[in-house]
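A.B. asks: Below is the file input_5.txt, which contains compact mmCIF, C-alpha atoms.
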# COMPACT_ATOMS: atom_id res chain seq x y z
CA MET X 1 32.28 14.60 0.55
CA ASN X 2 29.31 16.90 1.21
CA PRO X 3 26.16 16.04 3.24
CA GLY X 4 24.43 14.86 0.06
CA GLY X 5 27.10 12.22 -0.43
CA THR X 6 28.54 13.53 -3.70
CA ALA X 7 32.09 14.87 -3.82
CA ASP X 8 31.34 16.91 -6.98
CA VAL X 9 28.90 19.24 -5.21
CA PRO X 10 30.32 21.85 -2.81
CA ALA X 11 29.03 21.54 0.74
CA ARG X 12 26.66 24.22 1.98
CA THR X 13 29.20 26.08 4.10
CA GLY X 14 28.23 26.02 7.76
CA ALA X 15 24.79 24.55 7.12
CA ALA X 16 25.13 22.44 10.27
CA GLY X 17 25.16 25.69 12.27
CA PHE X 18 21.37 26.07 11.90
CA LEU X 19 18.99 23.99 14.00
CA PRO X 20 15.19 24.43 13.89
CA VAL X 21 13.62 24.65 17.34
CA ALA X 22 9.94 24.72 18.33
CA ASP X 23 10.42 26.07 21.87
CA HIS X 24 13.40 27.69 23.58
CA GLY X 25 11.91 27.02 27.00
CA ARG X 26 12.21 30.65 28.06
CA PRO X 27 11.23 34.17 26.92
CA PRO X 28 13.42 36.04 24.41
CA ASP X 29 16.70 37.42 25.75
CA PRO X 30 17.97 40.82 24.52
CA ASP X 31 21.01 39.10 22.96
CA ASP X 32 18.93 36.57 21.01
CA LEU X 33 18.55 36.93 17.25
CA ALA X 34 15.43 38.74 16.03
CA LEU X 35 13.82 37.95 12.66
CA ALA X 36 11.09 40.51 12.14
CA VAL X 37 8.90 39.76 9.10
CA ALA X 38 6.69 42.12 7.11
CA GLY X 39 4.94 40.45 4.21
CA ARG X 40 7.70 38.54 2.38
CA LYS X 41 10.60 40.64 3.68
CA LEU X 42 12.87 40.42 6.72
CA LEU X 43 14.53 43.13 8.76
CA THR X 44 18.34 43.26 8.72
CA GLY X 45 20.92 45.32 10.54
CA ALA X 46 23.94 47.21 9.21
CA ASP X 47 25.89 43.98 8.67
CA GLY X 48 23.09 42.45 6.58
CA ARG X 49 22.20 39.93 9.30
CA PRO X 50 19.23 39.86 11.71
CA PRO X 51 19.39 42.33 14.62
CA ARG X 52 19.13 41.33 18.28
CA VAL X 53 15.87 41.25 20.25
CA GLY X 54 17.13 44.07 22.46
CA GLU X 55 17.50 46.32 19.43
CA LEU X 56 13.76 46.07 18.69
CA PRO X 57 12.02 46.98 21.96
CA ALA X 58 8.80 47.87 20.13
CA ALA X 59 8.38 44.36 18.66
CA THR X 60 6.21 41.78 20.46
CA GLY X 61 4.72 38.34 19.87
CA TRP X 62 8.03 36.52 19.43
CA VAL X 63 7.92 32.88 18.28
CA ALA X 64 10.87 30.48 18.50
CA VAL X 65 12.55 29.73 15.15
CA GLY X 66 15.76 27.88 15.98
CA THR X 67 19.43 28.47 16.72
CA VAL X 68 22.46 29.48 14.68
CA ASP X 69 25.74 28.31 16.21
CA GLY X 70 23.86 27.89 19.50
CA VAL X 71 22.36 31.40 19.56
CA PRO X 72 18.53 31.32 19.95
CA ALA X 73 16.50 33.05 17.25
CA TRP X 74 12.93 34.36 17.32
CA THR X 75 10.51 35.71 14.72
CA THR X 76 7.46 37.95 14.75
CA GLU X 77 5.16 39.56 12.18
CA VAL X 78 5.31 43.35 11.96
CA GLY X 79 2.26 45.29 10.83
CA GLU X 80 4.05 48.65 10.54
CA PRO X 81 7.54 48.04 9.10
CA GLU X 82 8.48 51.71 9.30
CA SER X 83 8.30 51.51 13.10
CA LEU X 84 11.50 49.42 13.27
CA PRO X 85 15.05 50.59 12.43
CA GLY X 86 16.98 48.73 9.75
CA ARG X 87 16.64 47.55 6.17
CA TRP X 88 13.91 45.26 4.84
CA ARG X 89 15.24 42.57 2.50
CA SER X 90 13.79 39.76 0.42
CA TRP X 91 14.85 36.18 1.12
CA ARG X 92 16.45 36.07 -2.34
CA GLY X 93 18.66 39.04 -1.46
CA LEU X 94 19.69 37.51 1.87
CA ALA X 95 20.41 34.07 0.42
CA ALA X 96 22.68 35.62 -2.21
CA GLU X 97 24.87 37.27 0.43
CA LEU X 98 24.72 35.24 3.65
CA PRO X 99 26.05 31.76 4.53
CA ALA X 100 23.58 28.87 4.33
CA PRO X 101 22.70 28.76 8.07
CA TRP X 102 21.45 32.35 7.97
CA ALA X 103 19.52 31.82 4.74
CA ASP X 104 17.89 28.69 6.21
CA LEU X 105 17.02 30.59 9.39
CA ALA X 106 15.43 33.42 7.41
CA GLY X 107 13.48 30.97 5.27
CA ARG X 108 12.09 29.20 8.34
CA ALA X 109 11.06 32.54 9.85
CA LEU X 110 9.11 33.43 6.70
CA CYS X 111 7.53 29.98 6.72
CA LEU X 112 6.42 30.15 10.36
CA VAL X 113 5.01 33.67 10.11
CA THR X 114 3.04 32.84 6.95
CA TRP X 115 1.76 29.56 8.38
CA ARG X 116 0.62 31.16 11.64
CA ARG X 117 -1.17 33.94 9.77
CA THR X 118 -2.98 31.55 7.41
CA HIS X 119 -3.76 28.80 9.95
CA ARG X 120 -5.69 30.58 12.70
CA TRP X 121 -8.93 28.63 12.43
CA CYS X 122 -9.82 24.94 12.47
CA GLY X 123 -10.67 23.61 9.02
CA ALA X 124 -13.10 21.06 10.52
CA CYS X 125 -15.18 23.03 13.04
CA ARG X 126 -13.97 26.65 12.58
CA ALA X 127 -12.84 27.14 16.18
CA GLU X 128 -9.70 29.22 16.82
CA LEU X 129 -6.55 27.11 16.95
CA ALA X 130 -4.12 27.13 19.88
CA ASP X 131 -0.35 26.57 19.87
CA VAL X 132 0.86 23.13 20.99
CA PRO X 133 3.56 23.56 23.67
CA GLY X 134 6.95 22.25 22.58
CA GLU X 135 5.90 21.65 18.96
CA THR X 136 5.57 23.64 15.78
CA ALA X 137 1.90 22.81 15.60
CA ARG X 138 -1.57 24.19 16.31
CA ARG X 139 -4.48 22.23 17.79
CA CYS X 140 -8.21 22.86 17.86
CA PRO X 141 -9.48 23.02 21.47
CA ALA X 142 -12.97 22.01 20.30
CA CYS X 143 -12.42 18.94 18.11
CA GLY X 144 -8.73 18.13 18.67
CA LEU X 145 -7.63 18.51 15.04
CA THR X 146 -3.88 19.19 14.98
CA GLY X 147 -2.16 20.99 12.14
CA TYR X 148 1.57 21.13 11.35
CA VAL X 149 3.58 23.35 9.02
CA PRO X 150 2.99 21.87 5.54
CA LEU X 151 6.03 20.69 3.62
CA SER X 152 6.03 20.65 -0.19
CA VAL X 153 8.81 18.70 -1.92
CA ALA X 154 10.04 19.53 -5.41
CA VAL X 155 12.63 17.72 -7.52
CA LEU X 156 15.31 19.25 -9.73
CA THR X 157 17.15 17.14 -12.27
CA ALA X 158 20.34 17.73 -14.21
CA ILE X 159 19.57 15.65 -17.32
CA THR X 160 22.64 14.59 -19.27
CA ARG X 161 23.90 12.73 -22.29
CA PRO X 162 27.59 12.21 -23.12
CA GLY X 163 29.31 15.61 -22.97
CA GLU X 164 26.07 17.61 -22.79
CA LEU X 165 23.59 18.99 -20.26
CA LEU X 166 19.92 19.77 -20.91
CA LEU X 167 18.89 23.28 -19.88
CA VAL X 168 15.41 24.78 -20.08
CA ARG X 169 13.73 28.15 -19.84
CA HIS X 170 10.56 28.22 -17.76
CA ALA X 171 7.39 29.98 -18.82
CA HIS X 172 6.99 31.44 -15.33
CA GLY X 173 9.37 32.82 -12.71
CA PRO X 174 12.86 33.95 -13.79
CA THR X 175 12.17 33.36 -17.49
CA GLU X 176 15.55 34.73 -18.59
CA LEU X 177 17.52 31.96 -16.87
CA TRP X 178 18.59 28.63 -18.33
CA ALA X 179 17.64 26.21 -15.57
CA LEU X 180 16.82 22.55 -14.91
CA VAL X 181 13.69 20.46 -15.33
CA ALA X 182 11.80 20.68 -12.03
CA GLY X 183 8.43 20.03 -10.45
CA PHE X 184 6.58 19.21 -7.26
CA VAL X 185 6.20 15.65 -6.00
CA GLU X 186 2.64 14.34 -6.02
CA ALA X 187 1.02 12.51 -3.09
CA GLY X 188 1.86 8.80 -3.22
CA GLU X 189 4.84 9.38 -5.53
CA SER X 190 8.50 8.64 -4.81
CA LEU X 191 11.19 11.23 -5.54
CA GLU X 192 12.63 9.10 -8.32
CA ALA X 193 9.21 8.61 -9.90
CA ALA X 194 8.67 12.37 -9.82
CA VAL X 195 12.00 12.92 -11.57
CA ARG X 196 11.02 10.58 -14.41
CA ARG X 197 7.48 11.97 -14.67
CA GLU X 198 8.62 15.59 -14.86
CA ALA X 199 11.19 14.73 -17.55
CA ALA X 200 8.53 12.94 -19.59
CA GLU X 201 5.94 15.71 -19.15
CA GLU X 202 8.16 18.75 -19.68
CA VAL X 203 10.67 17.61 -22.31
CA GLY X 204 9.43 14.19 -23.50
CA LEU X 205 12.60 12.35 -22.45
CA THR X 206 13.02 8.94 -20.83
CA LEU X 207 15.64 8.78 -18.08
CA GLY X 208 17.79 6.07 -16.58
CA ARG X 209 18.03 5.65 -12.82
CA PRO X 210 18.16 9.07 -11.09
CA ALA X 211 21.03 9.63 -8.65
CA TYR X 212 20.29 11.74 -5.57
CA VAL X 213 22.79 14.57 -4.98
CA ASP X 214 21.66 17.07 -2.34
CA SER X 215 18.69 19.04 -0.95
CA GLN X 216 17.89 22.63 0.01
CA PRO X 217 15.05 24.43 1.79
CA TRP X 218 13.75 27.03 -0.65
CA ALA X 219 11.76 30.04 0.53
CA LEU X 220 11.06 31.46 -2.94
CA SER X 221 8.51 28.78 -3.90
CA GLY X 222 6.30 29.38 -0.88
CA PRO X 223 6.39 28.41 2.80
CA GLY X 224 7.74 24.95 3.58
CA THR X 225 9.29 24.06 0.22
CA LEU X 226 12.13 21.54 0.12
CA LEU X 227 14.14 20.94 -3.06
CA ALA X 228 15.69 17.54 -3.79
CA GLY X 229 18.37 17.46 -6.47
CA PHE X 230 19.20 14.60 -8.83
CA THR X 231 21.27 13.83 -11.89
CA ALA X 232 20.04 11.39 -14.56
CA ALA X 233 21.15 10.35 -18.03
CA VAL X 234 18.73 9.87 -20.92
CA THR X 235 18.24 6.29 -22.05
CA ASP X 236 18.55 7.34 -25.71
CA PRO X 237 21.51 9.72 -26.30
CA ALA X 238 20.04 10.69 -29.68
CA ALA X 239 16.73 11.86 -28.22
CA GLU X 240 15.83 15.53 -28.54
CA PRO X 241 13.58 17.39 -26.09
CA VAL X 242 9.94 18.02 -26.94
CA VAL X 243 8.91 21.10 -24.99
CA ASP X 244 5.71 21.30 -22.97
CA ARG X 245 4.71 24.88 -23.78
CA ALA X 246 2.57 25.19 -20.65
CA GLU X 247 5.65 24.87 -18.42
CA LEU X 248 8.61 25.77 -20.64
CA THR X 249 9.49 28.07 -23.51
CA GLU X 250 12.76 26.39 -24.57
CA ALA X 251 14.83 23.27 -23.96
CA ARG X 252 18.27 22.71 -25.44
CA TRP X 253 21.33 20.49 -25.12
CA PHE X 254 24.50 22.42 -24.27
CA PRO X 255 28.09 21.17 -24.26
CA VAL X 256 29.21 21.11 -20.62
CA ASP X 257 32.22 23.28 -21.51
CA ALA X 258 30.07 25.90 -23.28
CA LEU X 259 27.11 26.65 -21.03
CA PRO X 260 25.23 29.96 -21.34
CA ALA X 261 25.92 32.81 -18.94
CA GLU X 262 22.29 33.08 -17.80
CA LEU X 263 22.40 30.35 -15.15
CA PRO X 264 20.70 30.10 -11.71
CA PRO X 265 22.37 31.98 -8.81
CA ALA X 266 25.31 30.44 -7.00
CA TYR X 267 23.36 29.90 -3.75
CA SER X 268 20.77 27.66 -5.43
CA LEU X 269 20.61 23.87 -5.65
CA SER X 270 20.05 24.24 -9.41
CA ARG X 271 23.46 25.84 -9.78
CA TRP X 272 25.16 23.24 -7.55
CA LEU X 273 23.82 20.48 -9.80
CA ILE X 274 24.93 22.29 -12.95
CA ASP X 275 28.39 22.90 -11.49
CA ALA X 276 28.62 19.23 -10.51
CA VAL X 277 27.95 18.14 -14.09
CA VAL X 278 30.54 20.62 -15.39
CA ALA X 279 33.10 19.36 -12.85
CA ARG X 280 32.59 15.80 -14.08
CA GLY X 281 32.95 16.89 -17.70
What does this structure look like when you write it as structure tokens?
C.D. replies:
Amino acid sequence: MNPGGTADVPARTGAAGFLPVADHGRPPDPDDLALAVAGRKLLTGADGRPPRVGELPAATGWVAVGTVDGVPAWTTEVGEPESLPGRWRSWRGLAAELPAPWADLAGRALCLVTWRRTHRWCGACRAELADVPGETARRCPACGLTGYVPLSVAVLTAITRPGELLLVRHAHGPTELWALVAGFVEAGESLEAAVRREAAEEVGLTLGRPAYVDSQPWALSGPGTLLAGFTAAVTDPAAEPVVDRAELTEARWFPVDALPAELPPAYSLSRWLIDAVVARG
């Protein structure tokens, strides 16, 4: 049984090894992990993993990110990437090669750096914000407004009917892939309601009760995105999808034993859900 409570979905290997932390209670140590960020890329060493703080003596402004297997990790934004030794990688590239704890760590580093860069000033009175000790938050010293890292939740749904899985091609993003119906949760909306709404909007289908499967932090959709995965069967097995052309280009039922080759990558929640449906037959 994996953390999501479904035996059909493989557990995210070692995911428990990552723990987000707002404050390590001390300055960076040379043996701590160092996640240097430039734009949307992270610096890696020869082994494809983050270097140590001591290997980057020119870097400053370290901010606590968390721990991996008890080892503290820090992040900082780099204005001149060429000044640091190593290889700059996208989060997608790292997530495809590294275990889940390291991908989660890298995603949080990207999130924190982006949030700190874009949340320097108070949105109420325009004073400069200050870090809140012991929290991942910033507070206005003038009016007291406190801001936290925003979290956006999106739902993914493996829609099924007997022996078949619905796959779609999106109009934006990796348009060549056959993926799942997905969308962001609106304010005041439950996860299950979002699942049903997205299915109705994107493919015109009515679903039975959605079953939660698993979740995954996802750095490709912007800072602070959390994916929640579900499976759900259509209420009418004879129903055919009606594609919303603004969001999708195609939607098609596939036999679970004859899925197309162009599927989401193995490290993604989309693929875990697809594999779970295939495993159930």
A.B. asks: Tell me which of X:Val234, X:Thr206, X:Pro241, X:Ala64 sits closest to X:Pro133, counting only C-alpha atoms.
C.D. replies: X:Ala64
A.B. asks: Calculate how many Å separate atom CA of X:Leu259 from atom CA of X:Val243, rounding to one decimal.
C.D. replies: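 Interatomic distance here is 19.4 Å.
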A.B. asks: For a quick check of understanding, using all atoms listed in the file, which of X:Asp104, X:Glu135, X:Asp236, X:Glu164 has the smallest distance to X:Val21?
C.D. replies: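 Ranking X:Asp104, X:Glu135, X:Asp236, X:Glu164 by distance to X:Val21, first place goes to X:Glu135.
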A.B. asks: Between atom CA of X:Glu201 and atom CA of X:Pro150, what distance in Å does the model show, to one decimal?
C.D. replies: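 Rounded to one decimal, the two atoms are 25.6 Å apart.
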A.B. asks: Using all atoms listed in the file, which of the listed residues (X:Ala171, X:Ala158, X:Glu198, X:Asp47) sits closest to X:Ala211?
C.D. replies: X:Ala158
A.B. asks: For the atom pair atom CA of X:Thr136 and atom CA of X:Leu43, what is the interatomic distance in Å to one decimal place?
C.D. replies: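 Calculated distance between atom CA of X:Thr136 and atom CA of X:Leu43 is 22.6 Å.
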A.B. asks: Excluding X:Gly61 and its own-chain neighbours fewer than 6 positions away, which residues fall within 9 Å of it when counting only C-alpha atoms? Please give them as an MDAnalysis selection string.
C.D. replies: chainID X and resid 75:77
A.B. asks: Have a look at X:Ala200, X:Leu98, X:Ala187, X:Leu165 and name the one nearest to X:Arg252; count only C-alpha atoms.
C.D. replies: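 Ranking X:Ala200, X:Leu98, X:Ala187, X:Leu165 by distance to X:Arg252, first place goes to X:Leu165.
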A.B. asks: Counting all atoms listed in the file, write as an NGL selection string all protein and nucleic acid residues lying at most 10 Å from (6.5, 33.4, 13.5) in the file's frame.
C.D. replies: :X and (35-37 or 61-65 or 74-77 or 108-117)
A.B. asks: So which residues touch X:Ser270 within 8 Å, counting only C-alpha atoms, skipping near sequence neighbours fewer than 4 positions away, as a list in words?
C.D. replies: Leu156, Ala179, Leu180, Gly229, Pro264 and Ile274 of chain X
A.B. asks: So which residues touch X:Leu129 within 10 Å, counting only C-alpha atoms, skipping near sequence neighbours fewer than 5 positions away, as an MDAnalysis selection string?
C.D. replies: chainID X and resid 116 119:123 137:142 144:147
A.B. asks: Could you tell me which of X:Ser190, X:Ser268, X:Thr235, X:Thr67 comes closest to X:Pro162 if we count all atoms listed in the file?
C.D. replies: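 Checking each candidate against X:Pro162, we get X:Thr235 as the closest.
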A.B. asks: Which protein, DNA or RNA residues are at most 12 Å from (7.1, 13.5, -0.1) in the file's coordinates when you count all atoms listed in the file, listed as a PDB file with C-alpha atoms, in the frame of the given file?
C.D. replies:
ATOM      1  CA  PRO X 150       2.990  21.870   5.540  1.00  0.00           C
ATOM      2  CA  LEU X 151       6.030  20.690   3.620  1.00  0.00           C
ATOM      3  CA  SER X 152       6.030  20.650  -0.190  1.00  0.00           C
ATOM      4  CA  VAL X 153       8.810  18.700  -1.920  1.00  0.00           C
ATOM      5  CA  ALA X 154      10.040  19.530  -5.410  1.00  0.00           C
ATOM      6  CA  VAL X 155      12.630  17.720  -7.520  1.00  0.00           C
ATOM      7  CA  PHE X 184       6.580  19.210  -7.260  1.00  0.00           C
ATOM      8  CA  VAL X 185       6.200  15.650  -6.000  1.00  0.00           C
ATOM      9  CA  GLU X 186       2.640  14.340  -6.020  1.00  0.00           C
ATOM     10  CA  ALA X 187       1.020  12.510  -3.090  1.00  0.00           C
ATOM     11  CA  GLY X 188       1.860   8.800  -3.220  1.00  0.00           C
ATOM     12  CA  GLU X 189       4.840   9.380  -5.530  1.00  0.00           C
ATOM     13  CA  SER X 190       8.500   8.640  -4.810  1.00  0.00           C
ATOM     14  CA  LEU X 191      11.190  11.230  -5.540  1.00  0.00           C
ATOM     15  CA  GLU X 192      12.630   9.100  -8.320  1.00  0.00           C
ATOM     16  CA  ALA X 193       9.210   8.610  -9.900  1.00  0.00           C
ATOM     17  CA  ALA X 194       8.670  12.370  -9.820  1.00  0.00           C
ATOM     18  CA  THR X 225       9.290  24.060   0.220  1.00  0.00           C
ATOM     19  CA  LEU X 226      12.130  21.540   0.120  1.00  0.00           C
ATOM     20  CA  LEU X 227      14.140  20.940  -3.060  1.00  0.00           C
ATOM     21  CA  ALA X 228      15.690  17.540  -3.790  1.00  0.00           C
TER      22      ALA X 228
END
A.B. asks: With distances taken over all atoms listed in the file, which residue among X:Leu19, X:Ala233, X:Val68, X:Ala258 lies nearest X:Arg161?
C.D. replies: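 Of X:Leu19, X:Ala233, X:Val68, X:Ala258, the one nearest X:Arg161 is X:Ala233, counting all atoms listed in the file.
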A.B. asks: Box along x, y and z, 5 Å on every side, all listed atoms of stretch 79-98 of chain X inside: centre and edge lengths in Å to one decimal, as AutoDock Vina command-line options.
C.D. replies:
--center_x 13.6 --center_y 42.9 --center_z 5.5 --size_x 32.6 --size_y 27.6 --size_z 25.6
A.B. asks: Where atoms are missing, can you supply N, CA and C atoms for stretch 37-63 of chain X and output the lot as a compact mmCIF listing (two decimals), in the frame of the given file?
C.D. replies:
# COMPACT_ATOMS: atom_id res chain seq x y z
N VAL X 37 9.40 40.02 10.45
CA VAL X 37 8.90 39.76 9.10
C VAL X 37 7.75 40.71 8.79
N ALA X 38 7.80 41.30 7.61
CA ALA X 38 6.69 42.12 7.11
C ALA X 38 6.38 41.66 5.69
N GLY X 39 5.25 41.01 5.52
CA GLY X 39 4.94 40.45 4.21
C GLY X 39 5.91 39.34 3.86
N ARG X 40 6.70 39.52 2.79
CA ARG X 40 7.70 38.54 2.38
C ARG X 40 9.12 39.08 2.57
N LYS X 41 9.28 40.05 3.44
CA LYS X 41 10.60 40.64 3.68
C LYS X 41 10.99 40.52 5.15
N LEU X 42 12.33 40.54 5.37
CA LEU X 42 12.87 40.42 6.72
C LEU X 42 13.73 41.63 7.03
N LEU X 43 13.76 41.99 8.30
CA LEU X 43 14.53 43.13 8.76
C LEU X 43 15.98 42.72 9.01
N THR X 44 16.92 43.52 8.49
CA THR X 44 18.34 43.26 8.72
C THR X 44 19.01 44.49 9.30
N GLY X 45 20.14 44.23 9.97
CA GLY X 45 20.92 45.32 10.54
C GLY X 45 21.96 45.82 9.55
N ALA X 46 22.92 46.60 10.06
CA ALA X 46 23.94 47.21 9.21
C ALA X 46 24.83 46.18 8.56
N ASP X 47 25.02 45.02 9.23
CA ASP X 47 25.89 43.98 8.67
C ASP X 47 25.15 43.02 7.74
N GLY X 48 23.88 43.29 7.46
CA GLY X 48 23.09 42.45 6.58
C GLY X 48 22.49 41.24 7.26
N ARG X 49 22.73 41.07 8.57
CA ARG X 49 22.20 39.93 9.30
C ARG X 49 21.09 40.40 10.25
N PRO X 50 20.32 39.47 10.81
CA PRO X 50 19.23 39.86 11.71
C PRO X 50 19.76 40.63 12.92
N PRO X 51 19.00 41.62 13.40
CA PRO X 51 19.39 42.33 14.62
C PRO X 51 19.15 41.45 15.85
N ARG X 52 19.39 42.01 17.02
CA ARG X 52 19.13 41.33 18.28
C ARG X 52 17.78 41.78 18.84
N VAL X 53 17.19 40.93 19.67
CA VAL X 53 15.87 41.25 20.25
C VAL X 53 15.92 42.58 20.99
N GLY X 54 17.01 42.83 21.69
CA GLY X 54 17.13 44.07 22.46
C GLY X 54 17.17 45.32 21.61
N GLU X 55 17.47 45.17 20.33
CA GLU X 55 17.50 46.32 19.43
C GLU X 55 16.12 46.68 18.91
N LEU X 56 15.12 45.84 19.19
CA LEU X 56 13.76 46.07 18.69
C LEU X 56 12.77 46.05 19.85
N PRO X 57 12.88 47.00 20.76
CA PRO X 57 12.02 46.98 21.96
C PRO X 57 10.54 47.12 21.65
N ALA X 58 10.20 47.68 20.47
CA ALA X 58 8.80 47.87 20.13
C ALA X 58 8.14 46.60 19.60
N ALA X 59 8.94 45.59 19.24
CA ALA X 59 8.38 44.36 18.66
C ALA X 59 7.90 43.41 19.76
N THR X 60 6.79 42.73 19.50
CA THR X 60 6.21 41.78 20.46
C THR X 60 5.78 40.51 19.72
N GLY X 61 5.25 39.55 20.47
CA GLY X 61 4.72 38.34 19.87
C GLY X 61 5.78 37.42 19.29
N TRP X 62 6.92 37.33 19.95
CA TRP X 62 8.03 36.52 19.43
C TRP X 62 7.69 35.02 19.46
N VAL X 63 8.10 34.32 18.41
CA VAL X 63 7.92 32.88 18.28
C VAL X 63 9.28 32.25 18.01
